[in-house]
>>> print(open('query28.cif').read())   # mmCIF, C-alpha atoms
data_entry
#
loop_
_atom_site.label_atom_id
_atom_site.label_comp_id
_atom_site.auth_asym_id
_atom_site.auth_seq_id
_atom_site.Cartn_x
_atom_site.Cartn_y
_atom_site.Cartn_z
CA MET A 1043 126.69 208.84 114.31
CA SER A 1044 123.67 210.03 116.35
CA ASP A 1045 125.87 211.74 118.96
CA ASP A 1046 127.76 213.47 116.19
CA GLU A 1047 124.51 214.60 114.61
CA ARG A 1048 123.32 215.98 117.92
CA GLU A 1049 126.59 217.82 118.36
CA GLU A 1050 126.38 219.09 114.79
CA LYS A 1051 123.02 220.66 115.50
CA GLU A 1052 124.40 222.50 118.49
CA LEU A 1053 127.52 223.68 116.69
CA ASP A 1054 126.00 225.84 114.00
CA LEU A 1055 125.63 229.60 113.58
CA THR A 1056 123.04 229.78 116.39
CA SER A 1057 126.08 229.71 118.70
CA PRO A 1058 127.87 233.11 118.87
CA GLU A 1059 131.13 231.28 119.65
CA VAL A 1060 130.87 229.35 116.36
CA VAL A 1061 130.23 232.57 114.41
CA THR A 1062 133.30 234.12 116.08
CA LYS A 1063 135.48 231.15 115.09
CA TYR A 1064 134.32 231.27 111.45
CA LYS A 1065 134.97 235.03 111.33
CA SER A 1066 138.39 234.72 113.02
CA ALA A 1067 139.41 232.04 110.51
CA ALA A 1068 138.11 234.27 107.70
CA GLU A 1069 140.09 237.27 108.94
CA ILE A 1070 143.29 235.21 108.98
CA VAL A 1071 142.76 233.71 105.51
CA ASN A 1072 141.92 237.15 104.05
CA LYS A 1073 145.21 238.51 105.46
CA ALA A 1074 147.08 235.44 104.19
CA LEU A 1075 145.65 236.05 100.71
CA GLN A 1076 146.80 239.68 100.86
CA LEU A 1077 150.30 238.54 101.84
CA VAL A 1078 150.44 235.94 99.06
CA LEU A 1079 149.27 238.47 96.45
CA LYS A 1080 152.18 240.77 97.38
CA GLU A 1081 154.55 237.86 96.65
CA CYS A 1082 153.13 237.29 93.15
CA LYS A 1083 155.90 238.94 91.15
CA PRO A 1084 157.87 237.80 88.10
CA LYS A 1085 160.70 235.33 88.84
CA THR A 1086 159.24 234.31 92.22
CA LYS A 1087 159.17 230.56 92.82
CA ILE A 1088 155.62 229.24 93.18
CA VAL A 1089 156.57 226.84 95.98
CA ASP A 1090 157.93 229.77 98.05
CA ILE A 1091 154.62 231.63 97.66
CA CYS A 1092 152.64 228.54 98.75
CA GLU A 1093 154.91 228.06 101.76
CA LYS A 1094 154.48 231.70 102.84
CA GLY A 1095 150.69 231.39 102.73
CA ASP A 1096 150.64 228.20 104.81
CA SER A 1097 153.23 229.48 107.31
CA PHE A 1098 151.27 232.70 107.88
CA ILE A 1099 148.07 230.74 108.60
CA ARG A 1100 149.87 228.37 110.97
CA GLU A 1101 151.53 231.25 112.79
CA GLN A 1102 148.37 233.38 113.13
CA THR A 1103 146.12 230.52 114.24
CA GLY A 1104 148.84 229.33 116.63
CA ASN A 1105 148.48 232.59 118.54
CA MET A 1106 144.78 232.01 119.21
CA TYR A 1107 143.09 230.01 121.96
CA LYS A 1108 146.43 229.24 123.58
CA ASN A 1109 145.20 229.38 127.17
CA VAL A 1110 142.00 227.37 126.96
CA LYS A 1111 141.43 224.14 128.91
CA ARG A 1112 140.28 222.08 125.92
CA LYS A 1113 142.90 221.73 123.18
CA ILE A 1114 141.54 223.54 120.12
CA GLU A 1115 142.70 222.32 116.73
CA ARG A 1116 143.53 225.16 114.35
CA GLY A 1117 145.62 225.86 111.25
CA VAL A 1118 145.55 225.27 107.50
CA ALA A 1119 142.20 223.92 106.25
CA PHE A 1120 143.30 223.83 102.62
CA PRO A 1121 146.96 224.22 101.54
CA THR A 1122 147.85 227.33 99.55
CA CYS A 1123 147.66 226.68 95.80
CA VAL A 1124 148.98 228.96 93.06
CA SER A 1125 147.65 227.77 89.68
CA VAL A 1126 148.79 229.72 86.62
CA ASN A 1127 147.10 230.54 83.26
CA ASN A 1128 145.43 227.39 81.84
CA THR A 1129 146.06 225.38 85.03
CA VAL A 1130 142.66 225.20 86.70
CA CYS A 1131 143.40 224.35 90.33
CA HIS A 1132 145.31 222.56 93.12
CA PHE A 1133 148.88 223.43 92.01
CA SER A 1134 150.90 223.43 95.24
CA PRO A 1135 154.30 222.05 94.22
CA LEU A 1136 156.90 220.15 96.22
CA ALA A 1137 160.01 221.91 97.57
CA SER A 1138 162.12 220.61 94.67
CA ASP A 1139 159.88 222.26 92.03
CA THR A 1140 161.47 225.24 90.25
CA SER A 1141 158.36 226.77 88.54
CA GLU A 1142 158.37 230.57 88.65
CA LEU A 1143 155.82 233.26 87.87
CA GLU A 1144 156.25 235.39 84.75
CA GLU A 1145 155.01 238.86 83.82
CA GLY A 1146 151.42 238.63 82.53
CA ASP A 1147 150.63 235.30 84.24
CA MET A 1148 147.07 234.84 85.41
CA VAL A 1149 147.37 233.44 88.92
CA LYS A 1150 144.65 231.65 90.90
CA ILE A 1151 145.29 231.57 94.65
CA ASP A 1152 143.24 229.11 96.70
CA MET A 1153 143.64 228.65 100.46
CA GLY A 1154 141.78 227.82 103.65
CA CYS A 1155 142.08 228.28 107.41
CA HIS A 1156 140.22 226.74 110.34
CA ILE A 1157 139.80 227.37 114.02
CA ASP A 1158 138.37 224.44 115.98
CA GLY A 1159 137.33 222.90 112.66
CA PHE A 1160 135.30 225.95 111.57
CA ILE A 1161 136.59 226.57 108.08
CA ALA A 1162 136.98 229.72 105.98
CA ILE A 1163 138.15 229.32 102.38
CA VAL A 1164 138.98 231.86 99.70
CA ALA A 1165 140.17 231.84 96.09
CA HIS A 1166 141.14 234.88 94.06
CA THR A 1167 142.49 235.61 90.58
CA HIS A 1168 145.22 238.13 89.85
CA VAL A 1169 147.25 238.97 86.75
CA VAL A 1170 150.96 239.62 87.39
CA GLN A 1171 151.19 243.08 85.82
CA ASP A 1172 150.79 246.78 86.55
CA GLY A 1173 147.80 248.63 85.16
CA PRO A 1174 144.36 247.37 84.21
CA VAL A 1175 143.65 243.85 82.97
CA THR A 1176 142.22 243.91 79.45
CA GLY A 1177 140.87 241.63 76.73
CA ARG A 1178 139.97 237.99 77.34
CA GLN A 1179 141.83 237.93 80.65
CA ALA A 1180 139.52 240.68 81.90
CA ASP A 1181 136.47 238.90 80.47
CA VAL A 1182 137.15 235.64 82.30
CA ILE A 1183 137.87 237.34 85.65
CA ALA A 1184 134.73 239.47 85.27
CA ALA A 1185 132.75 236.31 84.39
CA ALA A 1186 133.93 234.48 87.53
CA ASN A 1187 133.47 237.52 89.75
CA THR A 1188 130.01 238.47 88.45
CA ALA A 1189 128.95 234.81 88.75
CA ALA A 1190 130.21 234.86 92.36
CA GLU A 1191 128.24 238.04 93.07
CA VAL A 1192 125.09 236.46 91.62
CA ALA A 1193 125.71 233.25 93.60
CA LEU A 1194 126.08 235.29 96.80
CA ARG A 1195 122.58 236.67 96.21
CA LEU A 1196 121.05 233.27 95.38
CA VAL A 1197 122.62 231.19 98.15
CA ARG A 1198 119.95 232.21 100.62
CA PRO A 1199 117.30 230.40 102.65
CA GLY A 1200 114.46 229.15 100.48
CA LYS A 1201 116.47 229.08 97.25
CA LYS A 1202 117.64 225.81 95.70
CA ASN A 1203 121.10 224.66 94.59
CA LYS A 1204 119.84 224.29 91.01
CA ASP A 1205 118.96 228.04 90.91
CA VAL A 1206 122.64 228.85 91.45
CA THR A 1207 123.90 226.31 88.87
CA ASP A 1208 121.69 227.77 86.12
CA ALA A 1209 122.46 231.39 87.01
CA ILE A 1210 126.26 231.16 87.06
CA GLN A 1211 126.29 229.48 83.64
CA LYS A 1212 124.13 232.27 82.25
CA VAL A 1213 126.55 234.89 83.64
CA ALA A 1214 129.60 233.16 82.14
CA ALA A 1215 127.91 232.96 78.75
CA ALA A 1216 127.33 236.73 78.83
CA TYR A 1217 131.13 237.13 78.86
CA ASP A 1218 131.54 234.45 76.17
CA CYS A 1219 133.17 232.20 78.77
CA LYS A 1220 132.32 228.80 80.26
CA ILE A 1221 131.91 227.71 83.85
CA VAL A 1222 134.37 224.86 84.38
CA GLU A 1223 132.79 221.42 84.81
CA GLY A 1224 133.36 219.26 87.87
CA VAL A 1225 133.75 222.13 90.35
CA LEU A 1226 131.48 221.75 93.37
CA SER A 1227 130.49 224.26 96.03
CA HIS A 1228 130.00 222.53 99.38
CA GLN A 1229 128.26 223.17 102.63
CA LEU A 1230 130.84 223.56 105.43
CA LYS A 1231 130.45 222.09 108.89
CA GLN A 1232 132.85 221.62 111.80
CA PHE A 1233 135.86 219.70 110.39
CA VAL A 1234 133.89 219.00 107.18
CA ILE A 1235 135.20 220.78 104.09
CA ASP A 1236 132.92 218.90 101.67
CA GLY A 1237 129.50 218.65 103.30
CA ASN A 1238 126.59 216.77 101.72
CA LYS A 1239 124.71 219.79 100.41
CA VAL A 1240 126.37 220.63 97.11
CA ILE A 1241 126.01 223.21 94.33
CA LEU A 1242 126.97 221.88 90.94
CA SER A 1243 128.79 224.30 88.64
CA VAL A 1244 127.56 222.73 85.43
CA SER A 1245 124.68 220.29 85.20
CA ASN A 1246 125.36 217.43 82.80
CA PRO A 1247 124.27 213.79 82.58
CA ASP A 1248 127.56 212.50 84.10
CA THR A 1249 127.40 214.55 87.28
CA ARG A 1250 124.32 214.49 89.43
CA VAL A 1251 123.82 215.90 92.89
CA ASP A 1252 120.76 215.78 95.14
CA ASP A 1253 118.39 218.73 94.98
CA ALA A 1254 118.86 220.82 98.10
CA GLU A 1255 117.38 223.95 99.60
CA PHE A 1256 119.52 226.44 101.51
CA GLU A 1257 118.59 227.01 105.13
CA GLU A 1258 119.29 229.62 107.76
CA ASN A 1259 122.43 229.05 109.89
CA GLU A 1260 124.21 227.06 107.17
CA VAL A 1261 127.70 227.87 105.86
CA TYR A 1262 128.85 227.41 102.24
CA ALA A 1263 132.10 227.64 100.31
CA VAL A 1264 130.90 228.96 96.96
CA ASP A 1265 133.39 227.96 94.30
CA ILE A 1266 133.31 229.54 90.83
CA VAL A 1267 135.82 228.70 88.08
CA ALA A 1268 135.40 230.26 84.63
CA SER A 1269 137.40 229.60 81.45
CA THR A 1270 137.87 231.14 78.02
CA GLY A 1271 138.20 227.52 76.79
CA GLU A 1272 135.77 224.61 76.75
CA GLY A 1273 135.46 224.30 80.52
CA LYS A 1274 136.34 220.59 80.40
CA PRO A 1275 139.63 220.35 82.30
CA LYS A 1276 141.94 217.33 82.05
CA LEU A 1277 144.47 215.64 84.29
CA LEU A 1278 147.77 215.74 82.38
CA ASP A 1279 150.25 214.42 84.92
CA GLU A 1280 149.39 212.55 88.11
CA LYS A 1281 152.85 213.41 89.49
CA GLN A 1282 151.69 217.03 89.85
CA THR A 1283 149.13 216.01 92.49
CA THR A 1284 150.38 216.98 95.95
CA ILE A 1285 147.16 217.65 97.91
CA TYR A 1286 145.31 214.79 99.56
CA LYS A 1287 142.64 214.21 102.17
CA ARG A 1288 142.31 211.17 104.39
CA ALA A 1289 139.30 209.08 103.32
CA VAL A 1290 138.12 208.35 106.85
CA ASP A 1291 135.69 205.61 105.83
CA LYS A 1292 138.38 203.49 104.10
CA ASN A 1293 140.80 200.97 105.66
CA TYR A 1294 143.50 198.75 104.19
CA HIS A 1295 146.62 197.06 105.57
CA LEU A 1296 149.46 198.67 103.62
CA LYS A 1297 152.23 196.34 102.44
CA MET A 1298 155.17 198.71 102.09
CA LYS A 1299 157.01 199.97 105.17
CA THR A 1300 157.35 203.45 103.62
CA SER A 1301 153.61 203.61 102.98
CA ARG A 1302 152.84 202.61 106.56
CA PHE A 1303 155.25 205.24 107.88
CA ILE A 1304 153.70 208.00 105.74
CA PHE A 1305 150.14 206.90 106.49
CA SER A 1306 150.83 206.92 110.22
CA GLU A 1307 152.24 210.47 109.91
CA ILE A 1308 149.13 211.56 107.98
CA ASN A 1309 146.78 210.04 110.57
CA GLN A 1310 148.66 211.81 113.32
CA LYS A 1311 149.03 215.26 111.74
CA TYR A 1312 146.27 215.50 109.11
CA PRO A 1313 143.49 213.09 110.14
CA ILE A 1314 140.58 215.00 108.59
CA LEU A 1315 141.39 218.07 106.47
CA PRO A 1316 143.39 218.29 103.21
CA PHE A 1317 147.18 218.54 103.44
CA THR A 1318 150.10 218.95 101.05
CA ALA A 1319 152.72 216.24 100.45
CA ARG A 1320 155.24 219.07 100.84
CA ALA A 1321 154.61 218.85 104.60
CA LEU A 1322 155.82 215.22 104.61
CA GLU A 1323 159.35 213.92 104.12
CA GLU A 1324 159.63 214.22 100.33
CA LYS A 1325 161.41 211.02 99.23
CA ARG A 1326 159.37 208.76 101.47
CA ALA A 1327 156.18 210.62 100.59
CA ARG A 1328 156.60 210.07 96.84
CA LEU A 1329 156.77 206.31 97.35
CA GLY A 1330 154.36 205.91 100.22
CA LEU A 1331 151.53 208.06 98.89
CA VAL A 1332 151.13 205.92 95.75
CA GLU A 1333 150.04 202.82 97.67
CA CYS A 1334 147.77 204.89 99.95
CA VAL A 1335 146.02 206.43 96.91
CA ASN A 1336 145.80 203.10 95.04
CA HIS A 1337 143.89 201.62 97.97
CA GLU A 1338 141.68 204.70 98.34
CA LEU A 1339 142.96 205.59 101.82
CA LEU A 1340 143.60 209.10 100.49
CA GLN A 1341 141.44 211.25 98.23
CA PRO A 1342 143.71 213.13 95.78
CA TYR A 1343 143.01 216.69 94.61
CA PRO A 1344 144.37 216.45 91.06
CA VAL A 1345 145.96 219.38 89.19
CA LEU A 1346 143.68 219.97 86.20
CA HIS A 1347 144.38 221.90 83.00
CA GLU A 1348 142.50 223.58 80.18
CA LYS A 1349 144.22 223.78 76.77
CA PRO A 1350 147.36 225.95 76.47
CA GLY A 1351 146.33 229.50 75.55
CA ASP A 1352 143.06 229.32 77.51
CA TYR A 1353 142.66 231.52 80.58
CA VAL A 1354 141.04 230.30 83.77
CA ALA A 1355 139.77 232.51 86.63
CA HIS A 1356 138.80 231.29 90.09
CA ILE A 1357 136.74 233.08 92.76
CA LYS A 1358 135.74 231.26 95.94
CA PHE A 1359 134.21 232.68 99.08
CA THR A 1360 132.76 231.54 102.38
CA VAL A 1361 129.26 232.73 103.23
CA LEU A 1362 127.38 232.45 106.54
CA LEU A 1363 123.58 232.33 106.13
CA MET A 1364 122.78 234.42 109.20
CA PRO A 1365 119.24 235.29 110.35
CA ASN A 1366 119.77 238.89 109.16
CA GLY A 1367 121.04 237.87 105.72
CA SER A 1368 124.07 236.46 103.93
CA ASP A 1369 127.44 237.36 105.38
CA ARG A 1370 130.31 236.87 102.94
CA VAL A 1371 133.36 236.59 105.17
CA THR A 1372 136.19 235.90 102.68
CA SER A 1373 137.11 238.05 99.68
CA HIS A 1374 139.69 240.39 98.18
CA PRO A 1375 139.20 243.39 95.85
CA LEU A 1376 139.99 242.78 92.17
CA GLN A 1377 142.48 244.61 90.01
CA GLU A 1378 140.97 247.12 87.58
CA LEU A 1379 139.32 245.18 84.76
CA GLN A 1380 138.44 246.36 81.26
CA PRO A 1381 136.36 243.49 79.86
CA THR A 1382 135.34 243.43 76.20
CA LYS A 1383 131.77 242.42 77.11
CA THR A 1384 129.04 244.14 79.11
CA ILE A 1385 126.06 242.70 80.95
CA ASP A 1386 122.84 243.64 79.18
CA ASP A 1387 120.70 240.70 80.28
CA PRO A 1388 117.81 241.98 82.46
CA GLU A 1389 117.68 238.76 84.51
CA ILE A 1390 121.37 239.02 85.47
CA LYS A 1391 120.91 242.71 86.29
CA ALA A 1392 117.95 241.81 88.51
CA TRP A 1393 120.00 239.20 90.37
CA LEU A 1394 122.81 241.70 90.95
CA ALA A 1395 120.28 244.23 92.27
CA LEU A 1396 119.19 241.90 95.08
CA GLY A 1397 120.33 242.82 98.57
CA THR A 1398 122.13 240.28 100.74
CA LYS A 1399 120.71 241.52 104.03
CA THR A 1400 117.18 240.87 105.19
CA LYS A 1401 117.21 243.55 107.89
CA LYS A 1402 118.88 246.91 108.11
CA LYS A 1403 122.28 246.70 109.66
CA GLY A 1404 124.81 249.38 110.47
CA GLY A 1405 124.35 252.39 108.23
CA GLY A 1406 121.20 251.06 106.64
CA LYS A 1407 120.72 249.33 103.36
CA LYS A 1408 121.46 250.64 99.89
CA LYS A 1409 118.39 251.49 97.85
CA LYS A 1410 117.30 248.67 95.62
CA GLY A 1411 117.51 248.90 91.89
CA LYS A 1412 119.69 251.96 91.69
CA LYS A 1413 121.97 251.24 88.78
CA GLY A 1414 125.34 252.20 90.18
CA ASP A 1415 124.67 250.72 93.61
CA LYS A 1416 123.31 247.41 92.61
CA ALA A 1417 126.36 245.30 93.33
CA GLU A 1418 127.21 247.12 96.53
CA GLU A 1419 124.28 245.71 98.48
CA SER A 1420 126.43 243.22 100.35
CA ALA A 1421 127.60 244.83 103.54
CA GLU A 1422 130.26 242.14 104.03
CA ALA A 1423 131.53 241.42 100.52
CA GLU A 1424 133.62 244.03 98.79
CA PRO A 1425 131.48 246.01 96.35
CA MET A 1426 131.56 244.72 92.81
CA ASP A 1427 132.61 247.80 90.92
CA ALA A 1428 130.03 248.21 88.18
CA SER A 1429 132.75 249.06 85.64
CA ASN A 1430 134.61 245.86 86.50
CA GLY A 1431 131.82 243.43 86.10
CA ALA A 1432 128.15 244.21 85.82
CA GLU A 1433 128.48 247.06 83.36
CA SER A 1434 131.17 249.09 81.77
#
>>> encode(input="query28.cif", output="structure tokens")
Amino acid sequence: MSDDEREEKELDLTSPEVVTKYKSAAEIVNKALQLVLKECKPKTKIVDICEKGDSFIREQTGNMYKNVKRKIERGVAFPTCVSVNNTVCHFSPLASDTSELEEGDMVKIDMGCHIDGFIAIVAHTHVVQDGPVTGRQADVIAAANTAAEVALRLVRPGKKNKDVTDAIQKVAAAYDCKIVEGVLSHQLKQFVIDGNKVILSVSNPDTRVDDAEFEENEVYAVDIVASTGEGKPKLLDEKQTTIYKRAVDKNYHLKMKTSRFIFSEINQKYPILPFTARALEEKRARLGLVECVNHELLQPYPVLHEKPGDYVAHIKFTVLLMPNGSDRVTSHPLQELQPTKTIDDPEIKAWLALGTKTKKKGGGKKKKGKKGDKAEESAEAEPMDASNGAES
């Protein structure tokens, strides 16, 4: 692995070309998210929405780096998922699935794009309705979004992963919501969607991660999931799982011909990053994937659920820790929110008042500590409207 490690050191944000690839991937995934959001209407089939997101990413990335000598891998880094209401994540159904969106559904969209293995991921929550989002739906979106804004300000060189874990839980509690357990934010590296440096959403005795300090020139996918329920999601039906990732360190000689056929297709088309079973031949995939998963050749991304009646909101963004500050490259503005809670906690207000840039850039930096401006410090992230999250 020493060659890989050497290469890894070279291929970080100190290279302008790497920064460009991250930002190009981010631009595509932000546009894909916008496209998918427009499709989120009542009576639209969820599988059609997921397909549109993936197709757009494939098409847009396919137009880039066409005339270079070295073949550059590019495309979907994480398949489009559309998880509704109390479904927490990873719902990306097969073509035969007939699930449709309904008026008032709370939709979590999660998707990723890569160029040459440099990955940009985004997740966003949207309620299928006109007009402002109110009540507990607004609370849980505001909780996830405010927690994401705080995380953006704490994922910075010198801070520790534990600082972020504690802070996002405090934010969720202010909205009488819970951060969902088991969700991890990972460092991103070339072709690595789940790097070793990890931010835990909720610290508990069952889940431990190594203490880590953020450093300049690192990239993170910060993943925040909040719930009006207990925040302890469950797997209800393994058949709903359609997203997998090749476990590159595992080998096994598969017995079934169908499994070998499917596994060979996966190795050829999706050797490293997550993929959806929808992209494989469906009948064969159903049979073949089971043996691959049973022998740990594939890592499944299960579809998890809170209790019916609970609402779950998901915000995920990619942030580049540049020498001049944090650069959030993936995001989308929220609908108008009218939460029932307001943020009065001085510590949370202080976190939100932090800038994300360390040097002046462009039109200069917003003044610190000014109440209405406090969440607009990030030059790259969309401003967090004070009435939507921090205050009302």
>>> closest_residue(input="query28.cif", among="A:Arg1328, A:Arg1320, A:Lys1201, A:His1168", to="Val1089 (chain A)", atoms="all atoms listed in the file")
A:Arg1320
>>> resolve_selection(input="query28.cif", expression="the PyMOL selection byres ((chain A and resi 1337) around 12)", output="list in words")
Arg1288, Ala1289, Lys1292, Asn1293, Tyr1294, His1295, Leu1296, Lys1297, Ser1301, Phe1305, Gly1330, Leu1331, Val1332, Glu1333, Cys1334, Val1335, Asn1336, Glu1338, Leu1339, Leu1340, Gln1341 and Pro1342 of chain A
>>> write_last_selection(input="query28.cif", atoms="C-alpha atoms", output="mmCIF file, in the frame of the given file")
data_model
loop_
_atom_site.group_PDB
_atom_site.id
_atom_site.type_symbol
_atom_site.label_atom_id
_atom_site.label_comp_id
_atom_site.auth_asym_id
_atom_site.auth_seq_id
_atom_site.Cartn_x
_atom_site.Cartn_y
_atom_site.Cartn_z
ATOM 1 C CA ARG A 1288 142.310 211.170 104.390
ATOM 2 C CA ALA A 1289 139.300 209.080 103.320
ATOM 3 C CA LYS A 1292 138.380 203.490 104.100
ATOM 4 C CA ASN A 1293 140.800 200.970 105.660
ATOM 5 C CA TYR A 1294 143.500 198.750 104.190
ATOM 6 C CA HIS A 1295 146.620 197.060 105.570
ATOM 7 C CA LEU A 1296 149.460 198.670 103.620
ATOM 8 C CA LYS A 1297 152.230 196.340 102.440
ATOM 9 C CA SER A 1301 153.610 203.610 102.980
ATOM 10 C CA PHE A 1305 150.140 206.900 106.490
ATOM 11 C CA GLY A 1330 154.360 205.910 100.220
ATOM 12 C CA LEU A 1331 151.530 208.060 98.890
ATOM 13 C CA VAL A 1332 151.130 205.920 95.750
ATOM 14 C CA GLU A 1333 150.040 202.820 97.670
ATOM 15 C CA CYS A 1334 147.770 204.890 99.950
ATOM 16 C CA VAL A 1335 146.020 206.430 96.910
ATOM 17 C CA ASN A 1336 145.800 203.100 95.040
ATOM 18 C CA GLU A 1338 141.680 204.700 98.340
ATOM 19 C CA LEU A 1339 142.960 205.590 101.820
ATOM 20 C CA LEU A 1340 143.600 209.100 100.490
ATOM 21 C CA GLN A 1341 141.440 211.250 98.230
ATOM 22 C CA PRO A 1342 143.710 213.130 95.780
#
>>> residues_around(input="query28.cif", residues="region 1244-1250 of chain A", least_positions_apart="6", cutoff="10 Å", atoms="all atoms listed in the file", output="list of chain:residue names")
A:Lys1204, A:Val1206, A:Thr1207, A:Asp1208, A:Ile1210, A:Gln1211, A:Lys1220, A:Ile1221, A:Val1222, A:Glu1223, A:Gly1224, A:Val1225, A:Leu1226, A:Gly1273
>>> residues_around(input="query28.cif", residues="region 1068-1070 of chain A", least_positions_apart="2", cutoff="12 Å", atoms="all atoms listed in the file", output="MDAnalysis selection string")
chainID A and resid 1061:1066 1072:1077 1095:1106 1116:1119 1153:1157 1160:1164 1263 1359:1362 1369:1374 1422
>>> write_last_selection(input="query28.cif", atoms="C-alpha atoms", output="PDB file, in the frame of the given file")
ATOM      1  CA  VAL A1061     130.230 232.570 114.410  1.00  0.00           C
ATOM      2  CA  THR A1062     133.300 234.120 116.080  1.00  0.00           C
ATOM      3  CA  LYS A1063     135.480 231.150 115.090  1.00  0.00           C
ATOM      4  CA  TYR A1064     134.320 231.270 111.450  1.00  0.00           C
ATOM      5  CA  LYS A1065     134.970 235.030 111.330  1.00  0.00           C
ATOM      6  CA  SER A1066     138.390 234.720 113.020  1.00  0.00           C
ATOM      7  CA  ASN A1072     141.920 237.150 104.050  1.00  0.00           C
ATOM      8  CA  LYS A1073     145.210 238.510 105.460  1.00  0.00           C
ATOM      9  CA  ALA A1074     147.080 235.440 104.190  1.00  0.00           C
ATOM     10  CA  LEU A1075     145.650 236.050 100.710  1.00  0.00           C
ATOM     11  CA  GLN A1076     146.800 239.680 100.860  1.00  0.00           C
ATOM     12  CA  LEU A1077     150.300 238.540 101.840  1.00  0.00           C
ATOM     13  CA  GLY A1095     150.690 231.390 102.730  1.00  0.00           C
ATOM     14  CA  ASP A1096     150.640 228.200 104.810  1.00  0.00           C
ATOM     15  CA  SER A1097     153.230 229.480 107.310  1.00  0.00           C
ATOM     16  CA  PHE A1098     151.270 232.700 107.880  1.00  0.00           C
ATOM     17  CA  ILE A1099     148.070 230.740 108.600  1.00  0.00           C
ATOM     18  CA  ARG A1100     149.870 228.370 110.970  1.00  0.00           C
ATOM     19  CA  GLU A1101     151.530 231.250 112.790  1.00  0.00           C
ATOM     20  CA  GLN A1102     148.370 233.380 113.130  1.00  0.00           C
ATOM     21  CA  THR A1103     146.120 230.520 114.240  1.00  0.00           C
ATOM     22  CA  GLY A1104     148.840 229.330 116.630  1.00  0.00           C
ATOM     23  CA  ASN A1105     148.480 232.590 118.540  1.00  0.00           C
ATOM     24  CA  MET A1106     144.780 232.010 119.210  1.00  0.00           C
ATOM     25  CA  ARG A1116     143.530 225.160 114.350  1.00  0.00           C
ATOM     26  CA  GLY A1117     145.620 225.860 111.250  1.00  0.00           C
ATOM     27  CA  VAL A1118     145.550 225.270 107.500  1.00  0.00           C
ATOM     28  CA  ALA A1119     142.200 223.920 106.250  1.00  0.00           C
ATOM     29  CA  MET A1153     143.640 228.650 100.460  1.00  0.00           C
ATOM     30  CA  GLY A1154     141.780 227.820 103.650  1.00  0.00           C
ATOM     31  CA  CYS A1155     142.080 228.280 107.410  1.00  0.00           C
ATOM     32  CA  HIS A1156     140.220 226.740 110.340  1.00  0.00           C
ATOM     33  CA  ILE A1157     139.800 227.370 114.020  1.00  0.00           C
ATOM     34  CA  PHE A1160     135.300 225.950 111.570  1.00  0.00           C
ATOM     35  CA  ILE A1161     136.590 226.570 108.080  1.00  0.00           C
ATOM     36  CA  ALA A1162     136.980 229.720 105.980  1.00  0.00           C
ATOM     37  CA  ILE A1163     138.150 229.320 102.380  1.00  0.00           C
ATOM     38  CA  VAL A1164     138.980 231.860  99.700  1.00  0.00           C
ATOM     39  CA  ALA A1263     132.100 227.640 100.310  1.00  0.00           C
ATOM     40  CA  PHE A1359     134.210 232.680  99.080  1.00  0.00           C
ATOM     41  CA  THR A1360     132.760 231.540 102.380  1.00  0.00           C
ATOM     42  CA  VAL A1361     129.260 232.730 103.230  1.00  0.00           C
ATOM     43  CA  LEU A1362     127.380 232.450 106.540  1.00  0.00           C
ATOM     44  CA  ASP A1369     127.440 237.360 105.380  1.00  0.00           C
ATOM     45  CA  ARG A1370     130.310 236.870 102.940  1.00  0.00           C
ATOM     46  CA  VAL A1371     133.360 236.590 105.170  1.00  0.00           C
ATOM     47  CA  THR A1372     136.190 235.900 102.680  1.00  0.00           C
ATOM     48  CA  SER A1373     137.110 238.050  99.680  1.00  0.00           C
ATOM     49  CA  HIS A1374     139.690 240.390  98.180  1.00  0.00           C
ATOM     50  CA  GLU A1422     130.260 242.140 104.030  1.00  0.00           C
TER      51      GLU A1422
END
>>> atom_distance(input="query28.cif", atom1="CA of Lys1358 (chain A)", atom2="CA of His1132 (chain A)")
13.2 Å
>>> atom_distance(input="query28.cif", atom1="CA of Thr1086 (chain A)", atom2="CA of Phe1120 (chain A)")
21.7 Å
>>> closest_residue(input="query28.cif", among="A:His1356, A:Lys1391, A:Lys1281, A:Lys1094", to="Arg1195 (chain A)", atoms="all atoms listed in the file")
A:Lys1391
>>> closest_residue(input="query28.cif", among="A:Asp1253, A:Ala1268, A:Leu1136, A:Ser1125", to="Leu1322 (chain A)", atoms="all atoms listed in the file")
A:Leu1136
